[in-house]
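For reference, entry_38.cif is printed below; it contains mmCIF, C-alpha atoms.
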data_target
loop_
_atom_site.group_PDB
_atom_site.id
_atom_site.type_symbol
_atom_site.label_atom_id
_atom_site.label_comp_id
_atom_site.auth_asym_id
_atom_site.auth_seq_id
_atom_site.Cartn_x
_atom_site.Cartn_y
_atom_site.Cartn_z
ATOM 1 C CA MET E 25 133.102 39.959 95.577
ATOM 2 C CA ILE E 26 130.496 42.433 96.894
ATOM 3 C CA LYS E 27 131.226 43.671 100.383
ATOM 4 C CA THR E 28 128.387 43.184 102.901
ATOM 5 C CA ILE E 29 127.270 46.412 104.592
ATOM 6 C CA ASP E 30 126.223 45.982 108.220
ATOM 7 C CA MET E 31 125.701 49.571 109.390
ATOM 8 C CA GLU E 32 123.545 50.488 112.376
ATOM 9 C CA LEU E 33 120.768 53.061 112.625
ATOM 10 C CA ARG E 34 122.699 54.956 115.272
ATOM 11 C CA GLN E 35 125.592 55.371 112.824
ATOM 12 C CA LEU E 36 123.177 56.917 110.329
ATOM 13 C CA GLU E 37 121.845 59.232 113.033
ATOM 14 C CA TYR E 38 125.351 60.315 114.013
ATOM 15 C CA PHE E 39 126.259 60.860 110.369
ATOM 16 C CA VAL E 40 123.171 63.038 109.741
ATOM 17 C CA HIS E 41 123.948 65.134 112.836
ATOM 18 C CA ALA E 42 127.507 65.647 111.635
ATOM 19 C CA ALA E 43 126.416 66.422 108.065
ATOM 20 C CA GLU E 44 123.950 69.047 109.258
ATOM 21 C CA LYS E 45 126.288 70.666 111.791
ATOM 22 C CA LEU E 46 129.544 70.242 109.816
ATOM 23 C CA HIS E 47 131.211 70.291 113.208
ATOM 24 C CA PHE E 48 131.890 67.062 115.085
ATOM 25 C CA THR E 49 131.824 68.638 118.565
ATOM 26 C CA GLU E 50 128.414 70.235 117.981
ATOM 27 C CA ALA E 51 127.115 67.071 116.326
ATOM 28 C CA ALA E 52 128.237 64.959 119.270
ATOM 29 C CA ALA E 53 126.473 67.319 121.682
ATOM 30 C CA ALA E 54 123.279 67.115 119.611
ATOM 31 C CA ALA E 55 123.477 63.316 119.692
ATOM 32 C CA PHE E 56 124.311 63.271 123.443
ATOM 33 C CA ILE E 57 127.591 61.375 122.948
ATOM 34 C CA THR E 58 131.260 62.271 123.175
ATOM 35 C CA GLN E 59 133.120 63.613 120.186
ATOM 36 C CA SER E 60 135.471 60.636 120.207
ATOM 37 C CA THR E 61 132.509 58.234 120.040
ATOM 38 C CA LEU E 62 130.964 60.122 117.133
ATOM 39 C CA SER E 63 134.267 60.294 115.262
ATOM 40 C CA GLN E 64 134.837 56.570 115.720
ATOM 41 C CA GLN E 65 131.323 55.643 114.572
ATOM 42 C CA ILE E 66 131.634 57.763 111.430
ATOM 43 C CA LYS E 67 135.061 56.267 110.754
ATOM 44 C CA ASN E 68 133.528 52.783 111.077
ATOM 45 C CA LEU E 69 130.766 53.787 108.672
ATOM 46 C CA GLU E 70 133.271 55.084 106.143
ATOM 47 C CA GLU E 71 135.246 51.860 106.382
ATOM 48 C CA GLU E 72 132.089 49.808 105.771
ATOM 49 C CA LEU E 73 131.169 51.931 102.761
ATOM 50 C CA GLY E 74 134.712 52.010 101.468
ATOM 51 C CA MET E 75 134.567 55.772 100.834
ATOM 52 C CA LEU E 76 135.199 58.950 102.800
ATOM 53 C CA LEU E 77 132.028 60.831 103.728
ATOM 54 C CA PHE E 78 133.825 63.900 105.101
ATOM 55 C CA ASP E 79 136.892 65.900 104.205
ATOM 56 C CA ARG E 80 138.694 66.799 107.465
ATOM 57 C CA ILE E 81 140.515 70.118 107.352
ATOM 58 C CA GLY E 82 141.801 70.843 110.819
ATOM 59 C CA LYS E 83 138.771 71.261 113.058
ATOM 60 C CA GLN E 84 136.538 71.912 110.030
ATOM 61 C CA VAL E 85 134.732 69.188 108.102
ATOM 62 C CA ARG E 86 132.787 69.198 104.879
ATOM 63 C CA LEU E 87 130.852 66.576 102.964
ATOM 64 C CA THR E 88 132.533 64.792 100.114
ATOM 65 C CA GLU E 89 130.543 63.999 96.982
ATOM 66 C CA ALA E 90 129.903 60.542 98.407
ATOM 67 C CA GLY E 91 128.799 62.139 101.670
ATOM 68 C CA GLN E 92 126.255 64.338 99.893
ATOM 69 C CA VAL E 93 124.777 61.336 98.073
ATOM 70 C CA PHE E 94 124.722 59.225 101.233
ATOM 71 C CA LEU E 95 123.049 62.003 103.280
ATOM 72 C CA SER E 96 119.944 61.954 101.104
ATOM 73 C CA HIS E 97 119.567 58.192 101.481
ATOM 74 C CA ALA E 98 120.356 58.220 105.216
ATOM 75 C CA LYS E 99 117.596 60.754 105.878
ATOM 76 C CA LYS E 100 115.086 58.667 103.938
ATOM 77 C CA ILE E 101 116.042 55.527 105.851
ATOM 78 C CA LEU E 102 115.656 57.244 109.222
ATOM 79 C CA LEU E 103 112.348 58.801 108.158
ATOM 80 C CA ASN E 104 110.994 55.429 107.039
ATOM 81 C CA VAL E 105 112.012 53.849 110.338
ATOM 82 C CA LYS E 106 110.242 56.675 112.193
ATOM 83 C CA LYS E 107 107.094 56.120 110.123
ATOM 84 C CA ALA E 108 107.228 52.383 110.753
ATOM 85 C CA LYS E 109 107.433 52.958 114.501
ATOM 86 C CA GLN E 110 104.523 55.398 114.253
ATOM 87 C CA ALA E 111 102.448 52.825 112.351
ATOM 88 C CA ILE E 112 102.992 50.252 115.111
ATOM 89 C CA THR E 113 102.166 52.829 117.781
ATOM 90 C CA ASP E 114 98.940 53.697 115.962
ATOM 91 C CA LEU E 115 97.906 50.040 116.047
ATOM 92 C CA ASN E 116 98.227 49.997 119.812
ATOM 93 C CA THR E 117 96.919 53.334 120.973
ATOM 94 C CA LEU E 118 95.916 56.866 120.114
ATOM 95 C CA VAL E 119 96.459 58.171 123.628
ATOM 96 C CA THR E 120 99.764 59.801 122.774
ATOM 97 C CA GLY E 121 101.521 61.022 119.670
ATOM 98 C CA GLU E 122 102.283 64.103 117.614
ATOM 99 C CA LEU E 123 100.320 65.674 114.784
ATOM 100 C CA LYS E 124 101.957 68.294 112.555
ATOM 101 C CA ILE E 125 99.543 70.470 110.581
ATOM 102 C CA GLY E 126 100.521 73.176 108.100
ATOM 103 C CA VAL E 127 97.993 75.985 107.780
ATOM 104 C CA SER E 128 97.689 78.999 105.522
ATOM 105 C CA TYR E 129 96.357 82.104 107.281
ATOM 106 C CA VAL E 130 92.901 81.911 105.654
ATOM 107 C CA PHE E 131 92.101 78.819 107.709
ATOM 108 C CA THR E 132 92.496 80.497 111.115
ATOM 109 C CA SER E 133 88.789 80.916 111.884
ATOM 110 C CA ARG E 134 87.909 77.585 110.234
ATOM 111 C CA ILE E 135 90.390 75.402 112.084
ATOM 112 C CA LEU E 136 89.927 76.653 115.652
ATOM 113 C CA PRO E 137 86.621 74.806 116.377
ATOM 114 C CA SER E 138 88.101 71.554 115.028
ATOM 115 C CA LEU E 139 91.273 71.966 117.103
ATOM 116 C CA THR E 140 89.224 72.538 120.255
ATOM 117 C CA SER E 141 86.992 69.501 119.799
ATOM 118 C CA PHE E 142 89.823 67.241 118.603
ATOM 119 C CA SER E 143 92.036 68.147 121.581
ATOM 120 C CA ALA E 144 89.152 67.395 123.942
ATOM 121 C CA LYS E 145 88.681 63.932 122.391
ATOM 122 C CA TYR E 146 92.394 63.076 122.234
ATOM 123 C CA PRO E 147 94.175 65.026 124.996
ATOM 124 C CA GLY E 148 97.327 62.916 124.723
ATOM 125 C CA ILE E 149 98.046 63.968 121.141
ATOM 126 C CA ASN E 150 100.359 66.965 120.866
ATOM 127 C CA ILE E 151 99.434 69.211 117.953
ATOM 128 C CA HIS E 152 102.058 71.304 116.199
ATOM 129 C CA LEU E 153 100.383 74.017 114.116
ATOM 130 C CA GLU E 154 102.589 75.802 111.580
ATOM 131 C CA TYR E 155 101.376 78.869 109.694
ATOM 132 C CA GLY E 156 103.024 79.932 106.469
ATOM 133 C CA PRO E 157 102.667 80.650 102.750
ATOM 134 C CA SER E 158 101.275 77.729 100.748
ATOM 135 C CA GLU E 159 104.524 77.350 98.806
ATOM 136 C CA GLU E 160 106.564 76.922 101.984
ATOM 137 C CA LEU E 161 104.062 74.510 103.527
ATOM 138 C CA ASP E 162 103.969 72.495 100.313
ATOM 139 C CA LYS E 163 107.752 71.963 100.455
ATOM 140 C CA LYS E 164 107.586 70.823 104.084
ATOM 141 C CA LEU E 165 104.777 68.379 103.319
ATOM 142 C CA ARG E 166 106.778 66.836 100.464
ATOM 143 C CA ALA E 167 109.745 66.513 102.848
ATOM 144 C CA SER E 168 107.470 64.743 105.380
ATOM 145 C CA GLU E 169 108.007 67.523 107.916
ATOM 146 C CA LEU E 170 104.215 67.953 108.099
ATOM 147 C CA ASP E 171 101.478 65.304 108.220
ATOM 148 C CA LEU E 172 98.968 67.341 106.217
ATOM 149 C CA ILE E 173 98.364 70.928 105.170
ATOM 150 C CA LEU E 174 95.259 73.078 104.819
ATOM 151 C CA ALA E 175 95.601 75.471 101.920
ATOM 152 C CA PHE E 176 94.408 76.653 98.535
ATOM 153 C CA HIS E 177 96.145 75.052 95.589
ATOM 154 C CA ASN E 178 96.657 76.586 92.151
ATOM 155 C CA LYS E 179 98.160 73.639 90.317
ATOM 156 C CA GLY E 180 96.432 70.890 88.379
ATOM 157 C CA VAL E 181 97.120 67.186 88.722
ATOM 158 C CA ASP E 182 100.131 66.406 90.917
ATOM 159 C CA ASP E 183 101.280 62.791 91.078
ATOM 160 C CA ASN E 184 102.814 63.381 94.522
ATOM 161 C CA LEU E 185 99.852 65.031 96.235
ATOM 162 C CA GLU E 186 96.254 64.117 97.011
ATOM 163 C CA LEU E 187 93.780 67.000 97.329
ATOM 164 C CA GLN E 188 90.700 66.549 99.516
ATOM 165 C CA PRO E 189 88.207 69.423 98.877
ATOM 166 C CA LEU E 190 87.078 71.696 101.691
ATOM 167 C CA PHE E 191 85.392 75.069 101.112
ATOM 168 C CA ARG E 192 85.393 77.631 98.311
ATOM 169 C CA SER E 193 86.198 81.331 98.642
ATOM 170 C CA ASN E 194 86.364 84.452 96.474
ATOM 171 C CA ILE E 195 89.235 86.819 95.798
ATOM 172 C CA VAL E 196 87.948 90.306 96.698
ATOM 173 C CA MET E 197 89.041 93.912 97.024
ATOM 174 C CA VAL E 198 89.548 94.747 100.706
ATOM 175 C CA VAL E 199 89.542 98.198 102.288
ATOM 176 C CA SER E 200 88.916 99.757 105.665
ATOM 177 C CA LYS E 201 85.249 100.448 106.387
ATOM 178 C CA LYS E 202 86.341 104.079 106.842
ATOM 179 C CA ASN E 203 87.422 104.151 103.204
ATOM 180 C CA LYS E 204 84.809 105.551 100.772
ATOM 181 C CA LEU E 205 85.586 102.647 98.434
ATOM 182 C CA SER E 206 83.883 100.335 100.933
ATOM 183 C CA GLU E 207 80.535 101.706 99.703
ATOM 184 C CA LEU E 208 81.056 100.188 96.249
ATOM 185 C CA LYS E 209 78.770 97.291 95.323
ATOM 186 C CA SER E 210 81.480 95.796 93.120
ATOM 187 C CA VAL E 211 84.633 96.730 91.224
ATOM 188 C CA THR E 212 86.004 95.616 87.860
ATOM 189 C CA LEU E 213 89.559 94.446 87.282
ATOM 190 C CA LYS E 214 90.168 97.506 85.123
ATOM 191 C CA GLU E 215 88.980 99.822 87.903
ATOM 192 C CA LEU E 216 91.060 97.876 90.409
ATOM 193 C CA SER E 217 94.174 98.446 88.328
ATOM 194 C CA GLN E 218 93.846 102.207 88.865
ATOM 195 C CA PHE E 219 94.470 101.874 92.613
ATOM 196 C CA GLU E 220 97.818 101.418 94.338
ATOM 197 C CA LEU E 221 97.543 97.904 95.724
ATOM 198 C CA ILE E 222 98.894 96.031 98.713
ATOM 199 C CA LEU E 223 99.135 92.281 98.034
ATOM 200 C CA PRO E 224 100.331 89.076 99.708
ATOM 201 C CA ALA E 225 103.992 88.443 98.918
ATOM 202 C CA ALA E 226 105.341 85.843 96.524
ATOM 203 C CA GLY E 227 104.927 82.360 97.981
ATOM 204 C CA PHE E 228 101.286 82.861 98.905
ATOM 205 C CA SER E 229 99.032 80.903 96.557
ATOM 206 C CA SER E 230 96.599 83.846 96.463
ATOM 207 C CA ARG E 231 99.374 86.080 95.070
ATOM 208 C CA GLU E 232 100.163 83.557 92.364
ATOM 209 C CA PHE E 233 96.456 83.375 91.526
ATOM 210 C CA ILE E 234 96.045 87.183 91.469
ATOM 211 C CA ASN E 235 99.087 87.601 89.218
ATOM 212 C CA GLU E 236 97.650 85.053 86.802
ATOM 213 C CA VAL E 237 94.271 86.820 86.713
ATOM 214 C CA PHE E 238 95.819 90.193 85.866
ATOM 215 C CA LYS E 239 98.081 88.586 83.261
ATOM 216 C CA LYS E 240 95.197 86.696 81.648
ATOM 217 C CA ASN E 241 93.185 89.906 81.371
ATOM 218 C CA LYS E 242 96.201 91.874 80.085
ATOM 219 C CA ILE E 243 96.089 94.305 82.981
ATOM 220 C CA GLN E 244 99.178 95.815 84.620
ATOM 221 C CA PRO E 245 98.358 96.475 88.312
ATOM 222 C CA LYS E 246 99.952 99.208 90.402
ATOM 223 C CA ILE E 247 101.519 97.232 93.234
ATOM 224 C CA LYS E 248 102.533 99.622 95.992
ATOM 225 C CA MET E 249 103.509 97.026 98.567
ATOM 226 C CA ASP E 250 103.605 93.280 99.134
ATOM 227 C CA VAL E 251 103.675 91.723 102.602
ATOM 228 C CA ASN E 252 104.704 88.215 103.647
ATOM 229 C CA ASP E 253 102.585 88.239 106.819
ATOM 230 C CA MET E 254 98.805 88.215 106.413
ATOM 231 C CA HIS E 255 98.118 89.653 109.864
ATOM 232 C CA ALA E 256 100.388 92.611 109.107
ATOM 233 C CA LEU E 257 98.738 93.084 105.705
ATOM 234 C CA LEU E 258 95.252 93.181 107.237
ATOM 235 C CA SER E 259 96.438 95.581 109.957
ATOM 236 C CA LEU E 260 97.809 97.932 107.292
ATOM 237 C CA LEU E 261 94.475 97.879 105.467
ATOM 238 C CA LYS E 262 92.581 98.465 108.692
ATOM 239 C CA ASN E 263 94.615 101.529 109.644
ATOM 240 C CA SER E 264 94.999 103.217 106.246
ATOM 241 C CA ASP E 265 93.301 104.022 102.958
ATOM 242 C CA MET E 266 95.249 101.295 101.170
ATOM 243 C CA VAL E 267 93.527 98.850 98.821
ATOM 244 C CA GLY E 268 94.159 95.119 99.101
ATOM 245 C CA VAL E 269 93.283 92.126 96.949
ATOM 246 C CA ILE E 270 93.100 88.949 99.018
ATOM 247 C CA ASN E 271 91.076 85.860 99.816
ATOM 248 C CA GLU E 272 87.721 86.766 101.394
ATOM 249 C CA LYS E 273 87.985 84.022 104.050
ATOM 250 C CA ALA E 274 91.057 85.767 105.468
ATOM 251 C CA LEU E 275 88.768 88.469 106.861
ATOM 252 C CA GLY E 276 87.321 86.301 109.628
ATOM 253 C CA GLY E 277 87.373 88.370 112.829
ATOM 254 C CA TRP E 278 88.380 91.599 111.052
ATOM 255 C CA ASP E 279 85.120 93.543 111.410
ATOM 256 C CA GLU E 280 86.812 96.862 110.569
ATOM 257 C CA LEU E 281 87.463 95.690 107.010
ATOM 258 C CA SER E 282 85.080 95.554 104.081
ATOM 259 C CA ALA E 283 85.128 93.097 101.164
ATOM 260 C CA VAL E 284 84.102 94.460 97.761
ATOM 261 C CA PRO E 285 83.309 91.786 95.127
ATOM 262 C CA ILE E 286 85.335 91.822 91.913
ATOM 263 C CA ALA E 287 83.110 91.576 88.841
ATOM 264 C CA ASN E 288 84.589 88.360 87.477
ATOM 265 C CA LYS E 289 83.099 84.903 88.100
ATOM 266 C CA SER E 290 86.472 83.166 87.693
ATOM 267 C CA LEU E 291 87.819 84.545 90.972
ATOM 268 C CA THR E 292 86.453 81.712 93.133
ATOM 269 C CA ARG E 293 89.059 79.394 94.671
ATOM 270 C CA GLN E 294 88.919 75.909 96.157
ATOM 271 C CA SER E 295 90.625 74.962 99.406
ATOM 272 C CA PHE E 296 91.882 71.487 100.271
ATOM 273 C CA ILE E 297 93.246 69.136 102.868
ATOM 274 C CA ILE E 298 96.500 68.208 101.123
ATOM 275 C CA TRP E 299 98.269 64.898 101.672
ATOM 276 C CA GLN E 300 101.329 63.177 100.272
ATOM 277 C CA LYS E 301 100.364 60.286 98.016
ATOM 278 C CA ASP E 302 101.453 56.741 98.822
ATOM 279 C CA VAL E 303 102.757 57.722 102.268
ATOM 280 C CA TYR E 304 101.588 56.238 105.574
ATOM 281 C CA ARG E 305 99.006 58.495 107.233
ATOM 282 C CA LYS E 306 98.846 58.628 110.996
ATOM 283 C CA LYS E 307 95.512 57.708 112.524
ATOM 284 C CA ALA E 308 95.649 61.027 114.346
ATOM 285 C CA ALA E 309 95.890 62.850 110.998
ATOM 286 C CA LEU E 310 92.979 60.895 109.517
ATOM 287 C CA LEU E 311 90.819 61.530 112.583
ATOM 288 C CA PHE E 312 91.645 65.222 112.536
ATOM 289 C CA ALA E 313 90.708 65.451 108.848
ATOM 290 C CA GLU E 314 87.410 63.755 109.674
ATOM 291 C CA GLU E 315 86.816 66.229 112.497
ATOM 292 C CA LEU E 316 87.548 69.146 110.179
ATOM 293 C CA LEU E 317 85.236 67.857 107.450
ATOM 294 C CA ASN E 318 82.430 67.345 109.956
ATOM 295 C CA LYS E 319 82.754 70.976 111.064
ATOM 296 C CA GLN E 320 82.384 72.134 107.435
ATOM 297 C CA GLU E 321 78.965 70.507 107.088
#

Encoded form using structure tokens:
Amino acid sequence: MIKTIDMELRQLEYFVHAAEKLHFTEAAAAAFITQSTLSQQIKNLEEELGMLLFDRIGKQVRLTEAGQVFLSHAKKILLNVKKAKQAITDLNTLVTGELKIGVSYVFTSRILPSLTSFSAKYPGINIHLEYGPSEELDKKLRASELDLILAFHNKGVDDNLELQPLFRSNIVMVVSKKNKLSELKSVTLKELSQFELILPAAGFSSREFINEVFKKNKIQPKIKMDVNDMHALLSLLKNSDMVGVINEKALGGWDELSAVPIANKSLTRQSFIIWQKDVYRKKAALLFAEELLNKQE
């Protein structure tokens, strides 16, 4: 006979806290309950499931194999419940709520006008803006930690993502306006390979794109430095004779830098609003996307 499971959401929440902390006292504090309550609820959950979720070794705990499997499902259940509550809230009002947007650095100058106007229209919506490399933002979107991201995307068809086109931009050579190279009308890839370059670090979609371009043209670049912070990279270019290869739209507001076109028509990139497919989209996210698209026109 199959045993009926009658677990509660709070038990799942307590279990996730404990699985993430691997310390019952800290997990209980995070859940605002006593340690004895948390221990009892997890024990009840284990009894319902008929398997141990944790190995207890003194004051230390660790997930069993069953615990690791159950953690993945517990997180999905709690996330789906959160989305369901959000869907009901959206039906009633847009006065309050939270909108989580992932942004690659290139979008800084583009997103600010939309943020200003959107906040004025919907003052009760709290906006969490997270900057980062496209690769990192992509992972957080797939984990539903972000509602949408604004980024360039190198990959082709992805069954898990929907790409909504925004603007196009070129990959260019960037130098300080004090650098004599700023006087060039254009530069070839072969000429570019003779300079010591400073590039965005791995994880930035522009770096992946640049690597692919050099590889395709059988050119071995001289990479002097790579930087995982675009502001720092641009500051280095501004205050030195270094040569960078980055997305032209990243130069918004950096008047001391000069963009030199690269003589290759294939160096144009497309940016997108990126969504998860087949996942509920908050009204706030849809309205923000609309606001952003209107500003592009």

Report, as lines of an AutoDock Vina configuration file, the axis-aligned box around all atoms of segment 158-177 of chain E present in the file, extended by 8 Å on each side; give centre and edge lengths in Å to one decimal place.
center_x = 102.1
center_y = 71.2
center_z = 101.9
size_x = 31.3
size_y = 29.0
size_z = 28.6

| request: Kindly resolve the PyMOL selection byres ((chain E and resi 204) around 12) on the present coordinates and return the residues as a list of chain:residue names. | output: E:Val198, E:Val199, E:Ser200, E:Lys201, E:Lys202, E:Asn203, E:Leu205, E:Ser206, E:Glu207, E:Leu208, E:Lys209, E:Ser264, E:Asp265, E:Met266, E:Val267, E:Leu281, E:Ser282, E:Val284

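The list of residues with at least one atom within 9 Å of His177 of chain E, based on all atoms listed in the file and without residues fewer than 3 positions apart in the same chain, reads Ser158, Gly180, Leu187, Ser229, Ser230, Arg293, Gln294, Ser295, Phe296 and Ile298 of chain E.
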
| field | Residue neighbourhood segment 218-225 of chain E, 8 Å, all atoms listed in the file, exclusion window fewer than 3 positions, as a PyMOL selection string | value | chain E and resi 214-215+228+230-231+245-254+257+266-270

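One finds atom CA of Ser193 of chain E at 5.5 Å from atom CA of Thr292 of chain E.
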
| request: Show which residues sit within 6 Å of Lys301 of chain E, as a list of chain:residue names. Count all atoms listed in the file, and ignore same-chain residues fewer than 2 positions away. | output: E:Asn184, E:Leu185, E:Glu186, E:Val303

| query | Applied to the shown file, which residues does the PyMOL selection byres ((chain E and resi 138) around 9) return, written as a VMD selection string? | reply | chain E and resid 134 to 137 139 to 143 312 315 to 319

| field | Residue nearest Ile66 of chain E - candidates E:Val130, E:Leu33, E:Ala54, E:Ile81, atoms counted: all atoms listed in the file | value | E:Leu33

| field | Near-Leu62 of chain E list (7 Å; all atoms listed in the file; drop same-chain fewer than 4 positions) as a list in words | value | Tyr38, Ala52, Ile57, Thr58 and Ile66 of chain E

For Leu87 of chain E, work out the shell of residues within 7 Å, counting only C-alpha atoms and skipping chain neighbours fewer than 6 positions away, then give it as a compact mmCIF listing (two decimals) with C-alpha atoms, in the coordinates of the input.
# COMPACT_ATOMS: atom_id res chain seq x y z
CA ALA E 43 126.42 66.42 108.06
CA LEU E 77 132.03 60.83 103.73
CA PHE E 78 133.82 63.90 105.10
CA ASP E 79 136.89 65.90 104.20

Could you give me, as a tab-separated table, every segment 152-271 of chain E residue with an atom at most 12 Å from segment 307-310 of chain E, plus its closest atom pair and distance in Å to one decimal, counting only C-alpha atoms, rows ordered by chain then number?
residue	atom	partner	partner_atom	distance
E:His152	CA	E:Ala309	CA	11.7
E:Leu170	CA	E:Ala309	CA	10.2
E:Asp171	CA	E:Ala309	CA	6.7
E:Leu172	CA	E:Ala309	CA	7.2
E:Ile173	CA	E:Ala309	CA	10.3
E:Leu174	CA	E:Ala309	CA	12.0
E:Gln188	CA	E:Leu310	CA	11.7

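The space between atom CA of Thr132 of chain E and atom CA of Leu291 of chain E spans 21.1 Å.
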
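In this comparison, which uses only C-alpha atoms, the residue of E:Lys145, E:Phe176, E:Phe191, E:Glu280 approaching Leu311 of chain E most closely is E:Lys145.
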
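Taking atom CA of Gln35 of chain E and atom CA of Glu71 of chain E as the two end points, the separation is 12.1 Å.
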
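Closest approach to Phe39 of chain E among E:Arg80, E:Arg305, E:Lys99, E:Lys163 is made by E:Lys99 (distances from only C-alpha atoms).
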
| remark: Nearest to Ile125 of chain E, restricted to only C-alpha atoms and choosing among E:Ser96, E:Asn104, E:Asn150, E:Asn263, comes out as E:Asn150

| Which protein, DNA or RNA residues are at most 7 Å from (96.3, 100.5, 82.6) in the file's coordinates when you count only C-alpha atoms, listed as a count of residues only? | 4

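Across E:Ala175, E:Leu165, E:Val237, E:Ile151, the tightest approach to Ser128 of chain E is made by E:Ala175 when counting only C-alpha atoms.
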